[in-house]
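Okay, target02.tsv is below, TSV, C-alpha atoms (C1' of nucleotides):
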```tsv
chain	number	residue	atom	x	y	z
H	26	MET	CA	-1.12	-10.16	5.01
H	27	PRO	CA	0.04	-13.68	4.52
H	28	LEU	CA	0.36	-13.63	0.74
H	29	PHE	CA	2.78	-12.35	-1.86
H	30	LEU	CA	0.63	-10.23	-4.16
H	31	GLY	CA	1.32	-7.89	-7.05
H	32	THR	CA	4.29	-6.97	-9.20
H	33	PHE	CA	6.90	-4.40	-8.22
H	34	VAL	CA	9.87	-3.23	-10.24
H	35	ASN	CA	12.91	-2.01	-8.35
H	36	LYS	CA	16.37	-0.98	-9.41
H	37	VAL	CA	19.42	-3.14	-9.09
H	38	ASP	CA	22.57	-1.11	-8.47
H	39	LYS	CA	26.03	-2.04	-9.62
H	40	LYS	CA	26.66	-3.87	-6.39
H	41	GLY	CA	23.71	-6.12	-7.11
H	42	ARG	CA	21.62	-4.59	-4.35
H	43	VAL	CA	17.87	-4.34	-4.71
H	44	SER	CA	15.08	-3.28	-2.37
H	45	VAL	CA	12.60	-5.97	-1.47
H	46	PRO	CA	9.09	-4.48	-1.78
H	47	ALA	CA	7.85	-3.39	1.62
H	48	THR	CA	4.76	-5.58	1.51
H	49	PHE	CA	6.93	-8.62	0.79
H	50	ARG	CA	9.15	-7.72	3.70
H	51	ALA	CA	6.12	-7.61	5.95
H	52	ARG	CA	5.18	-11.07	4.74
H	53	LEU	CA	8.66	-12.33	5.57
H	54	ALA	CA	9.01	-10.52	8.86
H	55	ALA	CA	7.62	-13.30	11.01
H	56	GLN	CA	10.15	-15.80	9.68
H	57	SER	CA	12.99	-17.47	11.46
H	58	PHE	CA	15.45	-16.00	8.95
H	59	PRO	CA	15.63	-12.20	8.53
H	60	GLY	CA	15.75	-12.09	4.78
H	61	VAL	CA	14.80	-13.91	1.63
H	62	VAL	CA	15.33	-17.51	0.65
H	63	ALA	CA	15.90	-17.85	-3.09
H	64	TYR	CA	16.99	-20.22	-5.81
H	65	PRO	CA	17.09	-20.18	-9.59
H	66	SER	CA	13.95	-21.43	-11.24
H	67	PHE	CA	14.51	-24.59	-13.20
H	68	THR	CA	11.64	-23.86	-15.52
H	69	GLY	CA	12.62	-20.42	-16.74
H	70	PRO	CA	14.86	-17.38	-16.50
H	71	ALA	CA	13.69	-16.29	-13.07
H	72	ILE	CA	14.62	-16.53	-9.42
H	73	GLU	CA	12.24	-18.21	-7.03
H	74	GLY	CA	11.90	-16.41	-3.74
H	75	CYS	CA	10.18	-17.36	-0.52
H	76	GLY	CA	10.50	-17.55	3.21
H	77	MET	CA	12.11	-20.29	5.22
H	78	ASP	CA	8.68	-21.73	5.94
H	79	HIS	CA	8.28	-22.64	2.29
H	80	MET	CA	11.55	-24.55	2.26
H	81	GLU	CA	10.15	-26.71	4.97
H	82	SER	CA	6.98	-27.37	3.03
H	83	LEU	CA	9.00	-28.24	-0.07
H	84	MET	CA	10.88	-30.72	2.02
H	85	GLN	CA	7.64	-32.33	2.97
H	86	GLY	CA	7.02	-32.73	-0.74
H	87	THR	CA	10.34	-34.46	-1.37
H	88	ASP	CA	9.71	-36.64	1.66
H	89	ARG	CA	6.91	-38.25	-0.26
H	90	LEU	CA	9.26	-39.46	-2.96
H	91	ASP	CA	10.98	-42.80	-2.51
H	92	VAL	CA	14.33	-42.59	-0.80
H	93	PHE	CA	17.22	-43.36	-3.20
H	94	SER	CA	14.91	-42.99	-6.19
H	95	GLU	CA	16.26	-41.09	-9.14
H	96	GLU	CA	13.38	-38.71	-8.82
H	97	GLN	CA	14.10	-37.89	-5.22
H	98	ASP	CA	17.77	-37.39	-5.96
H	99	GLU	CA	17.08	-35.04	-8.83
H	100	MET	CA	14.45	-33.07	-7.04
H	101	THR	CA	16.43	-32.44	-3.91
H	102	THR	CA	19.43	-31.41	-5.97
H	103	LEU	CA	17.37	-29.12	-8.16
H	104	ILE	CA	15.75	-27.36	-5.30
H	105	PHE	CA	18.04	-27.31	-2.34
H	106	ALA	CA	21.48	-27.15	-3.91
H	107	GLY	CA	20.80	-23.82	-5.57
H	108	VAL	CA	19.26	-22.15	-2.57
H	109	ARG	CA	20.82	-19.04	-1.11
H	110	GLU	CA	19.82	-17.22	2.00
H	111	LEU	CA	19.86	-13.51	1.28
H	112	PRO	CA	19.74	-11.43	4.45
H	113	TRP	CA	18.65	-7.86	4.09
H	114	ASP	CA	20.50	-4.83	5.29
H	115	GLY	CA	19.01	-2.24	7.61
H	116	ASP	CA	17.08	-0.70	4.75
H	117	GLY	CA	15.40	-3.84	3.50
H	118	ARG	CA	17.68	-4.56	0.57
H	119	ILE	CA	19.23	-7.84	-0.47
H	120	VAL	CA	22.30	-8.48	-2.59
H	121	LEU	CA	21.68	-10.71	-5.57
H	122	PRO	CA	24.54	-13.16	-6.24
H	123	GLU	CA	26.15	-12.95	-9.64
H	124	GLU	CA	24.78	-16.37	-10.58
H	125	PHE	CA	21.21	-15.20	-9.96
H	126	ILE	CA	21.69	-12.07	-11.98
H	127	ALA	CA	23.07	-14.15	-14.82
H	128	HIS	CA	20.32	-16.76	-14.64
H	129	ALA	CA	17.54	-14.19	-14.74
H	130	GLY	CA	19.36	-11.91	-17.15
H	131	LEU	CA	18.96	-8.91	-14.86
H	132	ALA	CA	20.31	-5.58	-15.97
H	133	GLY	CA	19.61	-2.59	-13.79
H	134	ALA	CA	16.15	-3.58	-12.66
H	135	ALA	CA	14.26	-6.49	-11.16
H	136	ALA	CA	10.55	-7.28	-11.10
H	137	PHE	CA	9.26	-8.92	-7.95
H	138	VAL	CA	6.24	-10.98	-8.93
H	139	GLY	CA	3.89	-12.21	-6.23
H	140	LYS	CA	2.64	-15.78	-6.66
H	141	GLY	CA	0.75	-16.36	-3.46
H	142	ARG	CA	2.91	-18.44	-1.19
H	143	THR	CA	6.04	-17.54	-3.10
H	144	PHE	CA	7.31	-14.91	-5.47
H	145	GLN	CA	9.68	-14.66	-8.41
H	146	ILE	CA	12.29	-12.18	-9.54
H	147	TRP	CA	12.43	-11.42	-13.27
H	148	GLU	CA	14.05	-9.11	-15.69
H	149	PRO	CA	11.12	-6.68	-16.05
H	150	GLU	CA	10.78	-6.77	-19.81
H	151	ARG	CA	10.97	-10.54	-19.90
H	152	GLN	CA	8.38	-10.76	-17.15
H	153	ARG	CA	6.03	-8.59	-19.13
H	154	ALA	CA	6.35	-10.85	-22.14
H	155	HIS	CA	5.94	-13.93	-19.99
H	156	MET	CA	2.83	-12.53	-18.38
H	157	GLU	CA	1.34	-11.81	-21.76
H	158	GLU	CA	2.11	-15.32	-22.92
H	159	VAL	CA	0.51	-16.83	-19.84
H	160	ARG	CA	-2.57	-14.68	-20.37
H	161	ARG	CA	-2.80	-15.75	-23.98
H	162	ARG	CA	-2.47	-19.42	-23.17
H	163	ALA	CA	-4.97	-19.15	-20.36
H	164	MET	CA	-7.54	-17.67	-22.69
H	165	GLN	CA	-7.08	-20.35	-25.28
H	166	LYS	CA	-6.89	-23.27	-22.89
H	167	ARG	CA	-9.75	-21.94	-20.83
H	168	LEU	CA	-7.75	-22.47	-17.71
H	169	THR	CA	-9.94	-22.91	-14.72
H	170	LEU	CA	-9.29	-23.45	-11.10
H	171	PRO	CA	-10.87	-26.14	-8.96
H	172	ALA	CA	-13.82	-24.36	-7.41
H	173	PRO	CA	-12.59	-23.20	-4.07
H	174	LEU	CA	-15.28	-23.50	-1.45
H	175	LYS	CA	-15.78	-20.37	0.52
H	176	PRO	CA	-15.27	-20.88	4.23
H	177	GLU	CA	-18.88	-20.12	5.03
H	178	ASP	CA	-20.04	-22.74	2.55
H	179	ARG	CA	-18.18	-25.59	4.14
H	180	ALA	CA	-20.04	-28.32	5.87
P	17	MET	CA	-24.59	-7.03	4.68
P	18	PRO	CA	-22.51	-9.84	3.29
P	19	LEU	CA	-22.84	-8.85	-0.35
P	20	PHE	CA	-21.67	-6.12	-2.67
P	21	LEU	CA	-24.84	-4.61	-4.06
P	22	GLY	CA	-25.70	-1.59	-6.17
P	23	THR	CA	-23.74	1.00	-8.10
P	24	PHE	CA	-22.09	4.08	-6.62
P	25	VAL	CA	-20.22	6.79	-8.45
P	26	ASN	CA	-17.50	8.65	-6.55
P	27	LYS	CA	-14.92	11.20	-7.55
P	28	VAL	CA	-11.29	10.41	-8.15
P	29	ASP	CA	-9.05	13.30	-7.12
P	30	LYS	CA	-5.73	14.18	-8.72
P	31	LYS	CA	-3.91	11.99	-6.26
P	32	GLY	CA	-5.91	9.03	-7.52
P	33	ARG	CA	-7.88	8.80	-4.30
P	34	VAL	CA	-11.47	7.64	-4.24
P	35	SER	CA	-13.91	6.91	-1.45
P	36	VAL	CA	-15.05	3.32	-1.21
P	37	PRO	CA	-18.84	3.29	-0.75
P	38	ALA	CA	-19.70	2.91	2.90
P	39	THR	CA	-21.74	-0.24	2.37
P	40	PHE	CA	-18.80	-1.88	0.60
P	41	ARG	CA	-16.54	-0.91	3.45
P	42	ALA	CA	-18.88	-2.60	5.86
P	43	ARG	CA	-18.66	-5.75	3.77
P	44	LEU	CA	-14.87	-5.61	3.93
P	45	ALA	CA	-14.57	-4.62	7.56
P	46	ALA	CA	-14.09	-8.08	9.03
P	47	GLN	CA	-11.19	-8.97	6.72
P	48	SER	CA	-7.62	-9.83	7.57
P	49	PHE	CA	-6.53	-6.89	5.45
P	50	PRO	CA	-7.97	-3.41	6.11
P	51	GLY	CA	-8.69	-2.35	2.59
P	52	VAL	CA	-9.49	-3.56	-0.88
P	53	VAL	CA	-7.83	-6.22	-3.00
P	54	ALA	CA	-8.03	-5.40	-6.68
P	55	TYR	CA	-6.75	-6.43	-10.11
P	56	PRO	CA	-7.42	-5.48	-13.71
P	57	SER	CA	-10.19	-7.45	-15.32
P	58	PHE	CA	-8.96	-10.02	-17.86
P	59	THR	CA	-11.92	-9.42	-20.09
P	60	GLY	CA	-12.70	-5.73	-20.11
P	61	PRO	CA	-11.81	-2.16	-19.14
P	62	ALA	CA	-12.64	-2.55	-15.48
P	63	ILE	CA	-10.97	-3.26	-12.16
P	64	GLU	CA	-12.06	-6.27	-10.17
P	65	GLY	CA	-12.32	-5.70	-6.45
P	66	CYS	CA	-12.77	-8.03	-3.52
P	67	GLY	CA	-11.61	-8.77	-0.01
P	68	MET	CA	-8.58	-10.70	1.09
P	69	ASP	CA	-10.80	-13.64	1.90
P	70	HIS	CA	-11.40	-14.10	-1.80
P	71	MET	CA	-7.66	-14.24	-2.48
P	72	GLU	CA	-7.24	-16.79	0.25
P	73	SER	CA	-9.94	-18.97	-1.20
P	74	LEU	CA	-8.32	-18.74	-4.63
P	75	MET	CA	-5.10	-19.88	-3.06
P	76	GLN	CA	-6.82	-22.91	-1.66
P	77	GLY	CA	-7.51	-23.77	-5.27
P	78	THR	CA	-3.89	-23.37	-6.38
P	79	ASP	CA	-2.69	-25.30	-3.36
P	80	ARG	CA	-4.26	-28.39	-4.83
P	81	LEU	CA	-2.06	-28.26	-7.90
P	82	ASP	CA	1.38	-29.89	-7.92
P	83	VAL	CA	4.24	-27.62	-7.00
P	84	PHE	CA	6.38	-26.73	-10.06
P	85	SER	CA	3.71	-28.00	-12.45
P	86	GLU	CA	3.13	-25.80	-15.45
P	87	GLU	CA	-0.46	-25.46	-14.42
P	88	GLN	CA	0.36	-24.25	-10.95
P	89	ASP	CA	2.95	-21.84	-12.28
P	90	GLU	CA	0.59	-20.32	-14.80
P	91	MET	CA	-2.34	-20.08	-12.45
P	92	THR	CA	-0.46	-18.36	-9.68
P	93	THR	CA	1.08	-15.90	-12.09
P	94	LEU	CA	-2.23	-15.20	-13.73
P	95	ILE	CA	-4.06	-14.63	-10.50
P	96	PHE	CA	-1.64	-13.12	-8.07
P	97	ALA	CA	0.82	-11.13	-10.16
P	98	GLY	CA	-1.65	-8.46	-11.19
P	99	VAL	CA	-3.21	-8.00	-7.78
P	100	ARG	CA	-2.69	-4.90	-5.68
P	101	GLU	CA	-3.52	-4.43	-2.05
P	102	LEU	CA	-5.12	-1.06	-1.58
P	103	PRO	CA	-5.36	-0.12	2.09
P	104	TRP	CA	-7.74	2.65	2.95
P	105	ASP	CA	-6.90	5.76	4.86
P	106	GLY	CA	-8.71	6.87	7.98
P	107	ASP	CA	-11.56	8.21	5.89
P	108	GLY	CA	-12.27	5.07	3.91
P	109	ARG	CA	-10.50	6.06	0.71
P	110	ILE	CA	-8.11	4.06	-1.43
P	111	VAL	CA	-5.61	5.33	-3.97
P	112	LEU	CA	-5.86	3.79	-7.39
P	113	PRO	CA	-2.49	2.97	-8.98
P	114	GLU	CA	-1.79	4.66	-12.28
P	115	GLU	CA	-1.96	1.33	-14.11
P	116	PHE	CA	-5.51	0.73	-12.85
P	117	ILE	CA	-6.64	4.20	-13.84
P	118	ALA	CA	-5.22	3.59	-17.29
P	119	HIS	CA	-6.73	0.13	-17.66
P	120	ALA	CA	-10.21	1.30	-16.73
P	121	GLY	CA	-9.87	4.64	-18.50
P	122	LEU	CA	-10.86	6.56	-15.39
P	123	ALA	CA	-11.00	10.34	-15.52
P	124	GLY	CA	-12.26	12.14	-12.47
P	125	ALA	CA	-14.85	9.60	-11.41
P	126	ALA	CA	-15.23	5.91	-10.70
P	127	ALA	CA	-18.31	3.69	-10.56
P	128	PHE	CA	-18.31	0.96	-7.94
P	129	VAL	CA	-20.48	-1.85	-9.22
P	130	GLY	CA	-21.62	-4.55	-6.83
P	131	LYS	CA	-21.44	-8.10	-8.20
P	132	GLY	CA	-22.34	-10.16	-5.20
P	133	ARG	CA	-19.18	-11.66	-3.78
P	134	THR	CA	-17.02	-9.18	-5.62
P	135	PHE	CA	-17.36	-5.79	-7.22
P	136	GLN	CA	-15.93	-3.85	-10.14
P	137	ILE	CA	-14.69	-0.33	-10.72
P	138	TRP	CA	-15.58	1.30	-14.05
P	139	GLU	CA	-15.42	4.58	-15.80
P	140	PRO	CA	-19.05	5.66	-15.13
P	141	GLU	CA	-20.07	6.32	-18.70
P	142	ARG	CA	-18.56	3.10	-19.94
P	143	GLN	CA	-20.25	1.20	-17.16
P	144	ARG	CA	-23.59	2.60	-18.19
P	145	ALA	CA	-23.12	1.48	-21.76
P	146	HIS	CA	-21.92	-1.92	-20.65
P	147	MET	CA	-24.91	-2.34	-18.38
P	148	GLU	CA	-27.26	-1.49	-21.18
P	149	GLU	CA	-25.58	-3.93	-23.50
P	150	VAL	CA	-25.77	-6.72	-20.94
P	151	ARG	CA	-29.44	-5.98	-20.36
P	152	ARG	CA	-30.14	-6.01	-24.05
P	153	ARG	CA	-28.43	-9.33	-24.58
P	154	ALA	CA	-30.15	-10.86	-21.59
P	155	MET	CA	-33.54	-9.92	-22.94
P	156	GLN	CA	-32.89	-11.48	-26.26
P	157	LYS	CA	-31.17	-14.62	-24.99
P	158	ARG	CA	-33.40	-15.07	-21.99
P	159	LEU	CA	-30.53	-15.69	-19.58
P	160	THR	CA	-31.22	-18.01	-16.70
P	161	LEU	CA	-29.48	-18.88	-13.48
P	162	PRO	CA	-28.97	-22.39	-12.09
P	163	ALA	CA	-31.20	-23.00	-9.12
P	164	PRO	CA	-29.26	-22.32	-5.93
P	165	LEU	CA	-28.48	-25.47	-3.98
P	166	LYS	CA	-29.78	-25.78	-0.50
P	167	PRO	CA	-27.05	-25.98	2.13
P	168	GLU	CA	-27.69	-29.66	2.84
P	169	ASP	CA	-27.16	-30.55	-0.81
P	170	ARG	CA	-23.68	-29.15	-1.00
P	171	ALA	CA	-20.68	-31.39	-1.40
K	21	DC	C1'	47.84	-4.09	1.13
K	22	DC	C1'	44.20	-4.73	-1.78
K	23	DT	C1'	39.77	-6.69	-2.78
K	24	DT	C1'	35.16	-8.06	-1.67
K	25	DG	C1'	31.34	-7.75	0.70
K	26	DT	C1'	28.65	-5.78	4.58
K	27	DA	C1'	26.76	-2.15	7.57
K	28	DC	C1'	25.59	2.62	8.03
K	29	DC	C1'	24.08	7.24	6.62
K	30	DA	C1'	21.88	10.82	3.47
K	31	DT	C1'	18.40	12.26	0.31
K	32	DG	C1'	14.47	12.70	-2.67
K	33	DA	C1'	10.26	11.00	-3.99
K	34	DT	C1'	6.12	9.04	-2.77
K	35	DA	C1'	2.53	7.65	-0.14
K	36	DT	C1'	0.18	7.77	4.35
K	37	DC	C1'	-1.96	10.17	7.90
K	38	DC	C1'	-4.64	13.87	9.77
K	39	DC	C1'	-7.60	17.69	9.84
K	40	DA	C1'	-11.15	20.76	7.86
K	41	DT	C1'	-15.31	21.39	5.21
K	42	DA	C1'	-19.58	20.48	3.11
K	43	DA	C1'	-23.53	17.94	1.78
K	44	DG	C1'	-26.85	14.69	2.74
K	45	DA	C1'	-29.45	11.53	5.55
K	46	DA	C1'	-31.33	10.03	9.62
K	47	DC	C1'	-33.11	11.35	13.91
K	48	DC	C1'	-35.37	13.62	17.58
K	49	DC	C1'	-38.33	16.77	19.50
K	50	DG	C1'	-41.69	19.73	19.50
O	8	DC	C1'	-46.18	16.30	10.64
O	9	DG	C1'	-42.53	19.92	10.35
O	10	DG	C1'	-38.31	21.89	11.72
O	11	DG	C1'	-34.14	21.79	13.60
O	12	DT	C1'	-30.16	19.04	14.93
O	13	DT	C1'	-26.71	15.56	14.90
O	14	DC	C1'	-24.11	11.91	12.40
O	15	DT	C1'	-22.32	9.82	8.69
O	16	DT	C1'	-20.22	10.20	4.29
O	17	DA	C1'	-17.69	12.25	0.70
O	18	DT	C1'	-13.98	15.35	-0.71
O	19	DG	C1'	-10.04	18.67	-0.64
O	20	DG	C1'	-5.63	20.16	1.07
O	21	DG	C1'	-1.48	20.05	3.74
O	22	DA	C1'	1.83	17.86	7.16
O	23	DT	C1'	4.46	13.77	8.09
O	24	DA	C1'	6.40	9.22	7.83
O	25	DT	C1'	7.95	5.52	4.89
O	26	DC	C1'	10.28	3.70	1.10
O	27	DA	C1'	13.51	3.28	-2.58
O	28	DT	C1'	18.06	4.44	-3.84
O	29	DG	C1'	22.76	6.28	-4.02
O	30	DG	C1'	26.93	6.88	-1.64
O	31	DT	C1'	30.48	6.23	1.92
O	32	DA	C1'	32.85	4.03	5.71
O	33	DC	C1'	34.21	-0.09	7.77
O	34	DA	C1'	35.43	-5.04	8.43
O	35	DA	C1'	36.95	-9.42	6.91
O	36	DG	C1'	39.53	-12.34	3.99
O	37	DG	C1'	43.01	-13.28	0.69
```
What does the file become when written as C-alpha cells?
Amino acid sequence: MPLFLGTFVNKVDKKGRVSVPATFRARLAAQSFPGVVAYPSFTGPAIEGCGMDHMESLMQGTDRLDVFSEEQDEMTTLIFAGVRELPWDGDGRIVLPEEFIAHAGLAGAAAFVGKGRTFQIWEPERQRAHMEEVRRRAMQKRLTLPAPLKPEDRA
Amino acid sequence: MPLFLGTFVNKVDKKGRVSVPATFRARLAAQSFPGVVAYPSFTGPAIEGCGMDHMESLMQGTDRLDVFSEEQDEMTTLIFAGVRELPWDGDGRIVLPEEFIAHAGLAGAAAFVGKGRTFQIWEPERQRAHMEEVRRRAMQKRLTLPAPLKPEDRA
DNA sequence: CCTTGTACCATGATATCCCATAAGAACCCG
DNA sequence: CGGGTTCTTATGGGATATCATGGTACAAGG
C-alpha cells in the first residue's frame, strides 16, 4: 500500500489535534520519522503532507537548479522553511500548528486528500469546491495523462 | 485469466457488502493490495474498479509531470482523491462506501461489468439500459477498433 | 506558579473477521 | 449416461478488533 489514496474527513479538536487516517498511517509507518512531514501549500489554502522520503526527493529536485540562482533560493525557502515535523501520539493523531490551521482556514474538521505520493489537508467545504473546479476544468481542457505503459507491455 | 470479462449481478446487503465475482478475484489475486481499488466514474452513474497495479501505472504518468505544476496538481487530485481501497473479507466480499452506493444508485444489487483491464459496478437495471444504448449507437455508427499492435511494434 | 504542549486512558461507533447455511457447478463412480 | 457426492461460491448474521474522538493527568518551560 505505497500510495496515498482517497479523501477522509476527520475532526479537529480545540487543541488542534486530528487523527491521521489509518491507511495514511500505514503508508507512513515504514518511514524514518514516526509522524507526518507537512508544510503550507504555496499554491492554495491547503497543507501539503508527506513522509520524510518525499522531502529527500524534493531535495533532489532543487539540486537540479543552479546554486545561488534566484530560483534555487526561492524554491528552497518556499519548501523547506515552512516544513514542520508532526509526530503522532499513541493513537495516531497529530497536532496542527496554529499557522497551518490559519493557512488552510480549518475550523473543526480537516479533509485528508490523497494525491499519490503525497496528500493534502483542506478545510472540507473548500476541498469540495476545489475538487469540483478541478473536475470542471479537466472536462473542458480534456486533460489527459501521458499513456502509462503497463509493466507487462514494456520491452 | 488476465482480463475482466462478462457481467455478474450480486446482492448488496444492508451493510453494503457485495461478493466480488470469483473470476474477478482471480484477476486481482496477484496484486500488492488484497482487494479492489475503486472510484466513481467521471462520466456516468457507475463505479470504476481495478487493481492496485492500475493505480501504480497511473502514477507513473503523473510522475512525469513537474512537481508543483498546475497540471500535476490537478491530475493527482482528479485521479487519486476519489479513490477508495476496498479490501475483501475472508469470503471475497467488499463493502461499498455510502458515497459509491449513492453515486451509482445501487439498491440491493450490483452488476459487475468486465471492461478488459478494468471493470465497472452498476445498478443492474441501469446497466442493462446503458448496454442497449451503447449497442444501438454502435450499430448505427459502425464503431471500429484500431488494429492491435504486435509486441515488436511497440515503442 | 501558571501556561503550553505532550502522553495516556476511556468510550462509542464502525468496520473487520469468522462461522453457518444454501445453492449451484463440477466431478467421480457406478 | 445417470446419480450421488464434493467443492466452490454467494449470502446472512453475530462476535470481535480497530479507529476516531473526547477527556484527564503529567511534564516542561517561562
Kindly provide the residues of chain P that approach chain K to within 12 Å, each paired with its closest atom pair and their distance in Å to one decimal, based on all atoms listed in the file, listed by chain and increasing number, as a tab-separated table.
```
residue	atom	partner	partner_atom	distance
P:Lys31	CA	K:DA35	C1'	9.9
P:Gly32	CA	K:DA35	C1'	11.3
P:Arg33	CA	K:DA35	C1'	11.3
P:Leu102	CA	K:DA35	C1'	11.7
P:Pro103	CA	K:DT36	C1'	9.9
P:Trp104	CA	K:DT36	C1'	9.5
P:Asp105	CA	K:DC37	C1'	7.3
P:Gly106	CA	K:DC37	C1'	7.5
P:Asp107	CA	K:DC38	C1'	9.7
P:Arg109	CA	K:DT36	C1'	11.4
P:Ile110	CA	K:DT36	C1'	10.8
P:Val111	CA	K:DA35	C1'	9.3
P:Leu112	CA	K:DA35	C1'	11.7
P:Pro113	CA	K:DA35	C1'	11.2
```
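Every residue of chain P that lies within 6 Å of chain H is listed here, counting all atoms listed in the file: Ser73, Gly77, Thr92, Thr93, Phe96, Ala97, Gly98, Val99 and Arg100 of chain P.
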query = Following superposition of chain H onto chain P on all C-alpha atoms, paired in order, what is the C-alpha RMSD to one decimal in Å?
reply =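 C-alpha RMSD, chain H fitted to chain P: 2.3 Å.
Nearest-residue note for P:Pro50: choosing from P:Val25, P:Met68, P:Leu81, P:Ala123, the minimum distance belongs to P:Met68, counting all atoms listed in the file.
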Hey, which bits of chain P sit within 10 Å of chain O, and for each residue what's the closest pair of atoms and how far apart in Å (one decimal), counting all atoms listed in the file, rows by chain and increasing number, as a Markdown table?
```
| residue | atom | partner | partner_atom | distance |
| --- | --- | --- | --- | --- |
| P:Asn26 | CA | O:DA17 | C1' | 8.1 |
| P:Lys27 | CA | O:DT18 | C1' | 8.1 |
| P:Val28 | CA | O:DT18 | C1' | 9.3 |
| P:Asp29 | CA | O:DT18 | C1' | 8.3 |
| P:Arg33 | CA | O:DT18 | C1' | 9.6 |
| P:Val34 | CA | O:DT18 | C1' | 8.8 |
| P:Ser35 | CA | O:DA17 | C1' | 6.9 |
| P:Val36 | CA | O:DA17 | C1' | 9.5 |
| P:Pro37 | CA | O:DT16 | C1' | 8.7 |
| P:Ala38 | CA | O:DT16 | C1' | 7.4 |
| P:Asp107 | CA | O:DA17 | C1' | 9.0 |
| P:Gly108 | CA | O:DT16 | C1' | 9.5 |
| P:Arg109 | CA | O:DA17 | C1' | 9.5 |
```
request  = Just give me the gap between atom CA of H:His128 and atom CA of H:Ser94 in Å, one decimal is fine.
outcome  =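 Result for atom CA of H:His128 versus atom CA of H:Ser94: 28.1 Å, one decimal.
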Take every atom of stretch 15-24 of chain O listed in the file, pad by 4 Å on each side, and give me the axis-aligned box centre and edge lengths in Å, one decimal, as lines of an AutoDock Vina configuration file.
```
center_x = -8.0
center_y = 14.7
center_z = 4.0
size_x = 36.7
size_y = 18.9
size_z = 17.4
```
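Atom to atom, atom CA of H:Arg50 and atom CA of P:Phe49 stand 15.8 Å apart.
The space separating atom CA of H:Glu150 from atom CA of H:Leu131 comes to 9.8 Å.
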